[in-house]
Every structure is written in structure tokens, then in C-alpha cells.
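Undergrad: upload.pdb is reproduced below (PDB, C-alpha atoms and all ligand atoms).
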```pdb
ATOM      1  CA  MET E   1     -16.624 -18.713  -0.867
ATOM      2  CA  HIS E   2     -15.830 -15.133   0.041
ATOM      3  CA  ARG E   3     -16.705 -14.027   3.541
ATOM      4  CA  ARG E   4     -18.275 -10.648   4.327
ATOM      5  CA  ILE E   5     -16.824  -8.369   6.986
ATOM      6  CA  THR E   6     -19.415  -7.229   9.545
ATOM      7  CA  GLY E   7     -19.149  -5.414  12.878
ATOM      8  CA  LYS E   8     -15.693  -4.939  14.352
ATOM      9  CA  LEU E   9     -12.450  -5.095  12.404
ATOM     10  CA  VAL E  10      -8.989  -4.785  13.921
ATOM     11  CA  ILE E  11      -6.655  -2.681  11.775
ATOM     12  CA  ALA E  12      -3.271  -4.346  12.178
ATOM     13  CA  THR E  13      -1.118  -1.260  11.890
ATOM     14  CA  HIS E  14       0.679   0.933  14.394
ATOM     15  CA  ASN E  15       0.893   3.712  11.792
ATOM     16  CA  PRO E  16      -1.668   6.453  12.645
ATOM     17  CA  GLY E  17      -1.792   7.636   9.003
ATOM     18  CA  LYS E  18      -2.771   4.201   7.723
ATOM     19  CA  LEU E  19      -5.331   3.810  10.515
ATOM     20  CA  ASP E  20      -7.034   7.120   9.645
ATOM     21  CA  GLU E  21      -7.067   6.191   5.955
ATOM     22  CA  MET E  22      -8.705   2.813   6.709
ATOM     23  CA  ARG E  23     -11.259   4.381   9.076
ATOM     24  CA  GLU E  24     -12.277   6.757   6.276
ATOM     25  CA  LEU E  25     -12.478   3.988   3.678
ATOM     26  CA  LEU E  26     -14.494   1.696   5.957
ATOM     27  CA  ALA E  27     -16.930   4.314   7.290
ATOM     28  CA  PRO E  28     -19.500   3.949   4.442
ATOM     29  CA  TYR E  29     -19.737   0.225   5.163
ATOM     30  CA  GLY E  30     -20.686   0.508   8.842
ATOM     31  CA  ILE E  31     -17.523  -1.249  10.028
ATOM     32  CA  GLU E  32     -16.062  -0.311  13.402
ATOM     33  CA  ALA E  33     -12.282  -0.088  12.933
ATOM     34  CA  ILE E  34     -10.227  -0.787  16.063
ATOM     35  CA  SER E  35      -6.501  -0.142  16.063
ATOM     36  CA  ALA E  36      -4.038  -2.878  16.971
ATOM     37  CA  GLY E  37      -2.115  -0.228  18.924
ATOM     38  CA  VAL E  38      -5.100   0.502  21.187
ATOM     39  CA  LEU E  39      -5.537  -3.242  21.836
ATOM     40  CA  GLY E  40      -1.841  -3.437  22.735
ATOM     41  CA  LEU E  41      -1.122  -6.093  20.091
ATOM     42  CA  ALA E  42       2.526  -6.787  19.321
ATOM     43  CA  GLU E  43       3.788  -6.154  15.782
ATOM     44  CA  PRO E  44       5.022  -9.398  14.213
ATOM     45  CA  GLU E  45       8.231  -9.459  12.200
ATOM     46  CA  GLU E  46       7.623  -9.168   8.448
ATOM     47  CA  THR E  47       9.505 -12.273   7.395
ATOM     48  CA  GLY E  48       7.544 -13.026   4.190
ATOM     49  CA  ASP E  49       9.114 -12.961   0.729
ATOM     50  CA  SER E  50       6.206 -11.154  -0.944
ATOM     51  CA  PHE E  51       3.809  -8.290  -0.230
ATOM     52  CA  ARG E  52       1.000 -10.817   0.041
ATOM     53  CA  ALA E  53       2.867 -12.998   2.553
ATOM     54  CA  ASN E  54       3.726 -10.018   4.763
ATOM     55  CA  ALA E  55       0.127  -8.718   4.734
ATOM     56  CA  SER E  56      -1.142 -12.130   5.833
ATOM     57  CA  ILE E  57       1.519 -12.503   8.582
ATOM     58  CA  LYS E  58       0.295  -9.213  10.090
ATOM     59  CA  ALA E  59      -3.443  -9.948   9.679
ATOM     60  CA  VAL E  60      -3.234 -13.516  11.049
ATOM     61  CA  ALA E  61      -1.190 -12.446  14.097
ATOM     62  CA  ALA E  62      -3.711  -9.713  14.953
ATOM     63  CA  ALA E  63      -6.772 -11.944  14.384
ATOM     64  CA  GLN E  64      -5.336 -14.652  16.639
ATOM     65  CA  ALA E  65      -4.362 -12.218  19.388
ATOM     66  CA  ALA E  66      -7.589 -10.163  19.345
ATOM     67  CA  LYS E  67      -9.996 -13.039  18.539
ATOM     68  CA  LEU E  68     -11.602 -10.733  15.986
ATOM     69  CA  PRO E  69     -11.325 -10.350  12.209
ATOM     70  CA  ALA E  70      -8.235  -8.300  11.396
ATOM     71  CA  PHE E  71      -7.067  -6.311   8.380
ATOM     72  CA  ALA E  72      -3.467  -5.684   7.312
ATOM     73  CA  ASP E  73      -1.718  -4.288   4.265
ATOM     74  CA  ASP E  74       1.733  -4.398   2.803
ATOM     75  CA  SER E  75       2.963  -2.212  -0.015
ATOM     76  CA  GLY E  76       5.999  -0.921  -1.801
ATOM     77  CA  LEU E  77       7.677   0.300  -4.942
ATOM     78  CA  VAL E  78       8.950  -2.135  -7.576
ATOM     79  CA  VAL E  79      11.475  -0.775 -10.100
ATOM     80  CA  ASP E  80      11.835  -2.864 -13.266
ATOM     81  CA  ALA E  81      15.437  -1.866 -14.077
ATOM     82  CA  LEU E  82      16.483  -2.736 -10.506
ATOM     83  CA  ASP E  83      15.110  -6.283 -10.725
ATOM     84  CA  GLY E  84      12.143  -5.339  -8.540
ATOM     85  CA  ALA E  85      14.043  -3.470  -5.795
ATOM     86  CA  PRO E  86      13.270  -1.949  -3.350
ATOM     87  CA  GLY E  87      10.051  -4.062  -3.378
ATOM     88  CA  ILE E  88       9.203  -5.504   0.034
ATOM     89  CA  TYR E  89      12.148  -3.540   1.453
ATOM     90  CA  SER E  90      10.708  -0.140   0.372
ATOM     91  CA  ALA E  91      10.279   1.141   3.929
ATOM     92  CA  ARG E  92      13.691  -0.202   4.988
ATOM     93  CA  TRP E  93      15.519   1.635   2.173
ATOM     94  CA  ALA E  94      14.622   4.864   3.974
ATOM     95  CA  GLY E  95      16.498   3.701   7.070
ATOM     96  CA  GLU E  96      15.821   4.357  10.745
ATOM     97  CA  THR E  97      15.291   8.060  10.093
ATOM     98  CA  LYS E  98      12.700   7.374   7.353
ATOM     99  CA  ASP E  99      14.641   9.510   4.915
ATOM    100  CA  PHE E 100      12.808   8.994   1.630
ATOM    101  CA  SER E 101      14.806  11.730  -0.126
ATOM    102  CA  ALA E 102      17.860   9.531   0.436
ATOM    103  CA  ALA E 103      15.958   6.417  -0.676
ATOM    104  CA  MET E 104      14.832   8.170  -3.897
ATOM    105  CA  ALA E 105      18.407   9.382  -4.491
ATOM    106  CA  ARG E 106      19.704   5.828  -4.040
ATOM    107  CA  ILE E 107      17.248   4.546  -6.656
ATOM    108  CA  GLU E 108      18.269   7.357  -8.998
ATOM    109  CA  ARG E 109      21.952   6.559  -8.546
ATOM    110  CA  LEU E 110      21.335   2.904  -9.385
ATOM    111  CA  LEU E 111      19.240   3.859 -12.438
ATOM    112  CA  GLN E 112      22.021   6.158 -13.682
ATOM    113  CA  GLU E 113      24.578   3.367 -13.174
ATOM    114  CA  ARG E 114      22.419   1.168 -15.404
ATOM    115  CA  GLY E 115      22.061   3.920 -17.998
ATOM    116  CA  ALA E 116      18.308   4.115 -17.395
ATOM    117  CA  THR E 117      17.745   7.631 -18.626
ATOM    118  CA  ASN E 118      14.759   7.396 -20.975
ATOM    119  CA  PRO E 119      11.229   6.917 -19.525
ATOM    120  CA  GLU E 120      10.904   3.419 -21.045
ATOM    121  CA  ALA E 121      13.894   2.252 -18.958
ATOM    122  CA  ARG E 122      12.544   3.892 -15.797
ATOM    123  CA  LYS E 123       9.310   1.940 -15.406
ATOM    124  CA  ALA E 124       8.112   1.171 -11.894
ATOM    125  CA  HIS E 125       4.933   0.216 -10.096
ATOM    126  CA  PHE E 126       3.509   0.431  -6.618
ATOM    127  CA  VAL E 127       1.901  -2.711  -5.200
ATOM    128  CA  SER E 128      -0.636  -2.996  -2.414
ATOM    129  CA  ALA E 129      -1.539  -6.345  -0.862
ATOM    130  CA  LEU E 130      -4.494  -6.412   1.523
ATOM    131  CA  CYS E 131      -5.460  -9.295   3.775
ATOM    132  CA  VAL E 132      -8.358  -9.874   6.155
ATOM    133  CA  ALA E 133      -7.897 -12.816   8.532
ATOM    134  CA  TRP E 134     -10.499 -14.338  10.842
ATOM    135  CA  PRO E 135      -9.717 -16.150  14.108
ATOM    136  CA  ASP E 136     -10.757 -19.468  12.451
ATOM    137  CA  ASP E 137      -7.987 -18.961   9.847
ATOM    138  CA  HIS E 138     -10.262 -17.914   6.977
ATOM    139  CA  LEU E 139      -8.383 -15.420   4.749
ATOM    140  CA  GLU E 140      -9.446 -12.946   2.097
ATOM    141  CA  GLU E 141      -6.563 -11.550   0.048
ATOM    142  CA  VAL E 142      -6.387  -9.019  -2.786
ATOM    143  CA  GLU E 143      -3.545  -7.282  -4.571
ATOM    144  CA  ALA E 144      -3.401  -4.351  -6.980
ATOM    145  CA  ARG E 145      -0.799  -2.184  -8.668
ATOM    146  CA  VAL E 146      -0.406   1.165 -10.384
ATOM    147  CA  ASP E 147       2.113   1.493 -13.204
ATOM    148  CA  GLY E 148       4.241   4.526 -13.870
ATOM    149  CA  THR E 149       7.656   6.021 -14.494
ATOM    150  CA  LEU E 150      10.275   7.393 -12.114
ATOM    151  CA  VAL E 151      11.140  11.057 -12.608
ATOM    152  CA  TRP E 152      14.174  12.978 -11.425
ATOM    153  CA  PRO E 153      14.285  15.322  -9.625
ATOM    154  CA  PRO E 154      11.289  14.398  -7.442
ATOM    155  CA  ARG E 155       8.303  16.729  -7.813
ATOM    156  CA  GLY E 156       5.753  17.894  -5.231
ATOM    157  CA  THR E 157       5.424  17.836  -1.490
ATOM    158  CA  ALA E 158       2.130  15.964  -1.070
ATOM    159  CA  GLY E 159       1.805  12.342  -0.044
ATOM    160  CA  PHE E 160       4.607  10.339   1.518
ATOM    161  CA  GLY E 161       7.392   7.899   0.766
ATOM    162  CA  TYR E 162       8.308   7.687  -2.923
ATOM    163  CA  ASP E 163       5.305   9.754  -4.120
ATOM    164  CA  PRO E 164       7.310  12.730  -5.528
ATOM    165  CA  ALA E 165       9.363  10.459  -7.832
ATOM    166  CA  PHE E 166       6.394   8.479  -9.194
ATOM    167  CA  LEU E 167       4.550   9.632 -12.299
ATOM    168  CA  PRO E 168       1.532   7.366 -12.868
ATOM    169  CA  ASP E 169       0.902   6.368 -16.500
ATOM    170  CA  ASP E 170      -1.443   8.685 -18.425
ATOM    171  CA  HIS E 171      -0.907  11.533 -15.935
ATOM    172  CA  THR E 172       1.230  14.666 -16.052
ATOM    173  CA  ARG E 173       1.689  15.110 -12.307
ATOM    174  CA  THR E 174       3.508  12.869  -9.846
ATOM    175  CA  PHE E 175       1.726  11.443  -6.799
ATOM    176  CA  GLY E 176       3.647  14.106  -4.849
ATOM    177  CA  GLU E 177       1.852  16.795  -6.868
ATOM    178  CA  MET E 178      -1.644  15.329  -6.385
ATOM    179  CA  THR E 179      -4.141  15.798  -3.559
ATOM    180  CA  SER E 180      -4.938  12.572  -1.758
ATOM    181  CA  ILE E 181      -8.395  12.574  -3.378
ATOM    182  CA  GLU E 182      -6.737  12.650  -6.825
ATOM    183  CA  LYS E 183      -4.093  10.105  -5.869
ATOM    184  CA  HIS E 184      -6.599   7.555  -4.652
ATOM    185  CA  GLY E 185      -9.270   8.399  -7.272
ATOM    186  CA  LEU E 186     -11.909   6.434  -5.388
ATOM    187  CA  PRO E 187     -15.574   6.074  -6.374
ATOM    188  CA  PRO E 188     -17.704   8.110  -6.983
ATOM    189  CA  LEU E 189     -14.874  10.301  -8.376
ATOM    190  CA  GLY E 190     -13.012   7.489 -10.121
ATOM    191  CA  LEU E 191     -12.449   3.747 -10.113
ATOM    192  CA  GLY E 192      -9.265   3.909  -8.073
ATOM    193  CA  LEU E 193      -5.877   5.192  -9.192
ATOM    194  CA  SER E 194      -3.414   4.389  -6.412
ATOM    195  CA  HIS E 195      -2.447   0.778  -5.761
ATOM    196  CA  ARG E 196      -4.100   0.972  -2.311
ATOM    197  CA  ALA E 197      -7.350   2.421  -3.653
ATOM    198  CA  ARG E 198      -7.496  -0.228  -6.398
ATOM    199  CA  ALA E 199      -6.885  -3.002  -3.889
ATOM    200  CA  PHE E 200      -9.500  -1.570  -1.545
ATOM    201  CA  VAL E 201     -12.084  -1.445  -4.350
ATOM    202  CA  LYS E 202     -11.404  -5.158  -4.979
ATOM    203  CA  LEU E 203     -11.710  -5.987  -1.281
ATOM    204  CA  ALA E 204     -14.961  -4.008  -0.996
ATOM    205  CA  GLU E 205     -16.417  -5.967  -3.922
ATOM    206  CA  ILE E 206     -15.851  -9.324  -2.254
ATOM    207  CA  CYS E 207     -16.091  -8.530   1.478
ATOM    208  CA  LEU E 208     -18.093  -5.380   2.206
ATOM    209  CA  ASP E 209     -21.753  -4.431   2.015
ATOM    210  CA  GLN E 210     -22.554  -0.779   1.322
ATOM    211  CA  ARG E 211     -24.801   0.548   4.085
TER     212      ARG E 211
HETATM  213  P1  LIG Y   1       4.667  -0.863   4.523
HETATM  214  O1  LIG Y   1       3.528  -1.208   3.603
HETATM  215  O2  LIG Y   1       4.211  -0.016   5.674
HETATM  216  O3  LIG Y   1       5.485  -2.042   4.884
HETATM  217  O4  LIG Y   1       5.702   0.085   3.767
HETATM  218  C1  LIG Y   1       5.551   0.393   2.464
HETATM  219  C2  LIG Y   1       6.594   1.404   2.035
HETATM  220  O5  LIG Y   1       6.463   1.486   0.624
HETATM  221  C3  LIG Y   1       6.325   2.792   2.558
HETATM  222  O6  LIG Y   1       7.127   3.118   3.645
HETATM  223  C4  LIG Y   1       6.711   3.646   1.378
HETATM  224  O7  LIG Y   1       8.080   3.806   1.379
HETATM  225  C5  LIG Y   1       6.396   2.812   0.183
HETATM  226  N1  LIG Y   1       5.049   3.099  -0.295
HETATM  227  C6  LIG Y   1       3.960   2.300  -0.215
HETATM  228  N2  LIG Y   1       2.882   2.905  -0.727
HETATM  229  C7  LIG Y   1       3.296   4.127  -1.115
HETATM  230  C8  LIG Y   1       2.617   5.227  -1.708
HETATM  231  O8  LIG Y   1       1.404   5.248  -1.955
HETATM  232  N3  LIG Y   1       3.377   6.309  -1.960
HETATM  233  C9  LIG Y   1       4.700   6.367  -1.698
HETATM  234  N4  LIG Y   1       5.381   5.387  -1.134
HETATM  235  C10 LIG Y   1       4.677   4.260  -0.846
END
```
As C-alpha cells - that is how I would like this structure written.

TA:
Amino acid sequence: MHRRITGKLVIATHNPGKLDEMRELLAPYGIEAISAGVLGLAEPEETGDSFRANASIKAVAAAQAAKLPAFADDSGLVVDALDGAPGIYSARWAGETKDFSAAMARIERLLQERGATNPEARKAHFVSALCVAWPDDHLEEVEARVDGTLVWPPRGTAGFGYDPAFLPDDHTRTFGEMTSIEKHGLPPLGLGLSHRARAFVKLAEICLDQR
């Protein structure tokens, strides 16, 4: 049985951008989003071997520490020709300085080494895993993806991370060339385009009541 989220929800992230995005997404459902940073919760190590495992490690740690339901996400870019890399290491490929230009260049170098020059050989997808954990260990988990192709050179200055190199299928502009409204394509404007928006739509279906 799925469990509905009501009242307060801890957002298990110390990233202000992600917190703002979740606050916005949750506002229509009357949920009060509290940041793990404000509660002074420690960030657990992401030791899982999948997006789903890492999302649940973060949500469970926050739910246990705060004694409240807690939400966490984990996401990344999966490149087919690179056997799924960078995958769960997507953030780490940008290094301490969070240099995503260097991370995109590294992917491009590896694709060139493998002779991946035509779009068919440059397929990739973003994945978003979302988890809500309750203090009694109940979990709700969803996962979604958006398929596309990697372009070179990267295009656009919007978004973050690998957005400028990612051209979603059936579109002519990269995520880096889209406004965030276009990138996420959430209802009522769309049914979700980005991996995060698609995962959120799934979570809303099973766990949230529209106000
Ligand atoms: P985490 O989910 O915070 O562990 O990190 C996910 C990493 O994957 C980010 O640092 C980005 O590098 C990448 N990533 C995840 N979602 C997106 C996206 O929507 N656009 C671009 N890069 C993303």
C-alpha cells in the first residue's frame, strides 16, 4: 500500500538549488518542506551501487535523525557507449571544483576514442531516483529517465551539470538551451520532460494529494 505524504517533509539535501526546486514542486500539495541543512542533519556517505540505493540511504538517514518523513533524490547521466559511465559518479566526474566543462570534455574524449561519432552511437539518458522514507522504515521509491543524444560542442548556458551536452529525443535544443519550464515540462504545460520532472509526476500520483 502506498502511503500519502501530509504535513511536514524534510528535504534531505544541502544543495540550495534542489531545495528551492522541491519547495516549488511541493507547494501545490500543501506540504511544508524543511531543509536538512536547517535541521543540522549530517550528510551520509553515498555508498550505494545504484541511483535508487543512494536516494534511499539519504532519505532513511534524514527520516531517522529528524523523526519526520524525509525526501531525497539521486540522479546522473548514463552514457551507453561508456558502459553506463559516469552514472552514479556524475557529480564526482566534475571534481572538487565542480567543473562540468571538464567532465563533458572527458566524456567527449572517451566517445572519440571509441569512434562514437554518429548520433546513434552517442545515446545517453539522465536518471532520477526519488525516495521518501518515514521514521518507521516505510519507503516510497520511484525512478524515471529521459533519453537523448550527446552533442559536441555543448550548447547553451541554461541549467547545470551536463545540460549543454544533452539533446533530448524529439527536440532540437539541448537542455542547456531550454528554460527550466521547458526542461521540466511539468503539468499543466506538459507531462514531464526531464528525468526529475517525470519522477516527481510518478511520486505525486502515489503519495501526494492536490490541495
Ligand atoms: P546528485 O544527484 O546530486 O548526486 O548529482 C547528480 C549529478 O548528475 C549532478 O551533479 C549533475 O552532474 C548530473 N545531473 C543530474 N541531473 C542533471 C540534470 O538535470 N542536468 C544536468 N546534469 C544533471

Undergrad: Which of these residues is nearest to ligand LIG 1 (chain Y), using only C-alpha atoms and all ligand atoms: E:Glu182, E:Glu113, E:Asp163, E:Glu140?

TA: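 The closest residue to ligand LIG 1 (chain Y) is E:Asp163.
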
Undergrad: If the limit is 7 Å from any atom of ligand LIG 1 (chain Y), counting all atoms listed in the file, which residues qualify? Return them as a list of chain:residue names.

TA: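 I would give the residues around ligand LIG 1 (chain Y) as E:Asp73, E:Asp74, E:Ser75, E:Gly76, E:Leu77, E:Ser90, E:Ala91, E:Phe126, E:Gly159, E:Phe160, E:Gly161, E:Tyr162, E:Asp163, E:Ser194, E:Arg196.
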
Undergrad: Pull out every residue that the PyMOL selection byres (((chain E and resi 150) around 10) and not hetatm) matches in the shown coordinates and put them as a CSV table (one decimal) with C-alpha atoms, keeping the file's coordinate frame.

TA:
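Wrote it out as expr_29.csv, contents follow:
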```csv
chain,number,residue,atom,x,y,z
E,79,VAL,CA,11.5,-0.8,-10.1
E,104,MET,CA,14.8,8.2,-3.9
E,107,ILE,CA,17.2,4.5,-6.7
E,108,GLU,CA,18.3,7.4,-9.0
E,111,LEU,CA,19.2,3.9,-12.4
E,117,THR,CA,17.7,7.6,-18.6
E,118,ASN,CA,14.8,7.4,-21.0
E,119,PRO,CA,11.2,6.9,-19.5
E,120,GLU,CA,10.9,3.4,-21.0
E,121,ALA,CA,13.9,2.3,-19.0
E,122,ARG,CA,12.5,3.9,-15.8
E,123,LYS,CA,9.3,1.9,-15.4
E,124,ALA,CA,8.1,1.2,-11.9
E,125,HIS,CA,4.9,0.2,-10.1
E,148,GLY,CA,4.2,4.5,-13.9
E,149,THR,CA,7.7,6.0,-14.5
E,151,VAL,CA,11.1,11.1,-12.6
E,152,TRP,CA,14.2,13.0,-11.4
E,153,PRO,CA,14.3,15.3,-9.6
E,154,PRO,CA,11.3,14.4,-7.4
E,162,TYR,CA,8.3,7.7,-2.9
E,163,ASP,CA,5.3,9.8,-4.1
E,164,PRO,CA,7.3,12.7,-5.5
E,165,ALA,CA,9.4,10.5,-7.8
E,166,PHE,CA,6.4,8.5,-9.2
E,167,LEU,CA,4.6,9.6,-12.3
E,168,PRO,CA,1.5,7.4,-12.9
E,174,THR,CA,3.5,12.9,-9.8
```

Undergrad: Between E:Asp136, E:Glu96, E:Asp49, E:Asp20, which one has atoms that come closest to E:Ser35, using only C-alpha atoms?

TA: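 Of the candidates, the smallest distance to E:Ser35 is held by E:Asp20.
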
Undergrad: Using all atoms listed in the file, which of the listed residues (E:Ala63, E:Ile181, E:Ala116, E:Ala70) sits closest to E:Leu82?

TA: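 Answer, going by the shortest atom-to-atom distance: E:Ala116.
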
Undergrad: Pick the closest to E:Lys202 from E:Ala105, E:Cys131, E:Leu139, E:Ala55: which is it, counting only C-alpha atoms?

TA: E:Cys131

Undergrad: Which residue out of E:Arg155, E:His195, E:His138, E:His184 has the minimum interatomic distance to E:Arg3 when all atoms listed in the file are used?

TA: E:His138

Undergrad: Smallest atom-to-atom distance to E:Glu143: which of E:Ala197, E:Leu68, E:Leu9, E:Leu191, using all atoms listed in the file?

TA: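 Using all atoms listed in the file, E:Glu143 sits closest to E:Ala197.
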
Undergrad: Can you list, as a PDB file with C-alpha atoms, in the coordinates of the input, the residues that the PyMOL selection byres (((chain E and resi 130) around 8) and not hetatm) selects here?

TA:
```pdb
ATOM      1  CA  ARG E  52       1.000 -10.817   0.041  1.00  0.00           C
ATOM      2  CA  ALA E  55       0.127  -8.718   4.734  1.00  0.00           C
ATOM      3  CA  SER E  56      -1.142 -12.130   5.833  1.00  0.00           C
ATOM      4  CA  PHE E  71      -7.067  -6.311   8.380  1.00  0.00           C
ATOM      5  CA  ALA E  72      -3.467  -5.684   7.312  1.00  0.00           C
ATOM      6  CA  ASP E  73      -1.718  -4.288   4.265  1.00  0.00           C
ATOM      7  CA  ASP E  74       1.733  -4.398   2.803  1.00  0.00           C
ATOM      8  CA  SER E 128      -0.636  -2.996  -2.414  1.00  0.00           C
ATOM      9  CA  ALA E 129      -1.539  -6.345  -0.862  1.00  0.00           C
ATOM     10  CA  CYS E 131      -5.460  -9.295   3.775  1.00  0.00           C
ATOM     11  CA  VAL E 132      -8.358  -9.874   6.155  1.00  0.00           C
ATOM     12  CA  GLU E 141      -6.563 -11.550   0.048  1.00  0.00           C
ATOM     13  CA  VAL E 142      -6.387  -9.019  -2.786  1.00  0.00           C
ATOM     14  CA  GLU E 143      -3.545  -7.282  -4.571  1.00  0.00           C
ATOM     15  CA  ALA E 199      -6.885  -3.002  -3.889  1.00  0.00           C
ATOM     16  CA  PHE E 200      -9.500  -1.570  -1.545  1.00  0.00           C
ATOM     17  CA  LEU E 203     -11.710  -5.987  -1.281  1.00  0.00           C
TER      18      LEU E 203
END
```

Undergrad: Tell me which residues the PyMOL selection byres (((chain E and resi 66) around 9) and not hetatm) grabs here, as a PyMOL selection string.

TA: chain E and resi 10+36+39+41+61-65+67-70+135

Undergrad: What is the distance, in Å and to one decimal place, between atom CA of E:Glu32 and atom CA of E:Ala144?

TA: 24.3 Å

Undergrad: Please measure the separation of atom CA of E:Gly87 and atom CA of E:Thr172, giving the value in Å to one decimal.

TA: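 These atoms are spaced 24.3 Å apart.
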
Undergrad: Calculate how many Å separate atom CA of E:Gly7 from atom CA of E:Tyr29, rounding to one decimal.

TA: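 Between these atoms lies a distance of 9.6 Å.
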
Undergrad: Box for stretch 159-169 of chain E: with edges along x, y and z, all listed atoms inside and 3 Å added on each side, what are the centre and edge lengths in Å to one decimal, as AutoDock Vina command-line options?

TA:
```
--center_x 5.1 --center_y 9.5 --center_z -7.5 --size_x 14.5 --size_y 12.4 --size_z 24.0
```
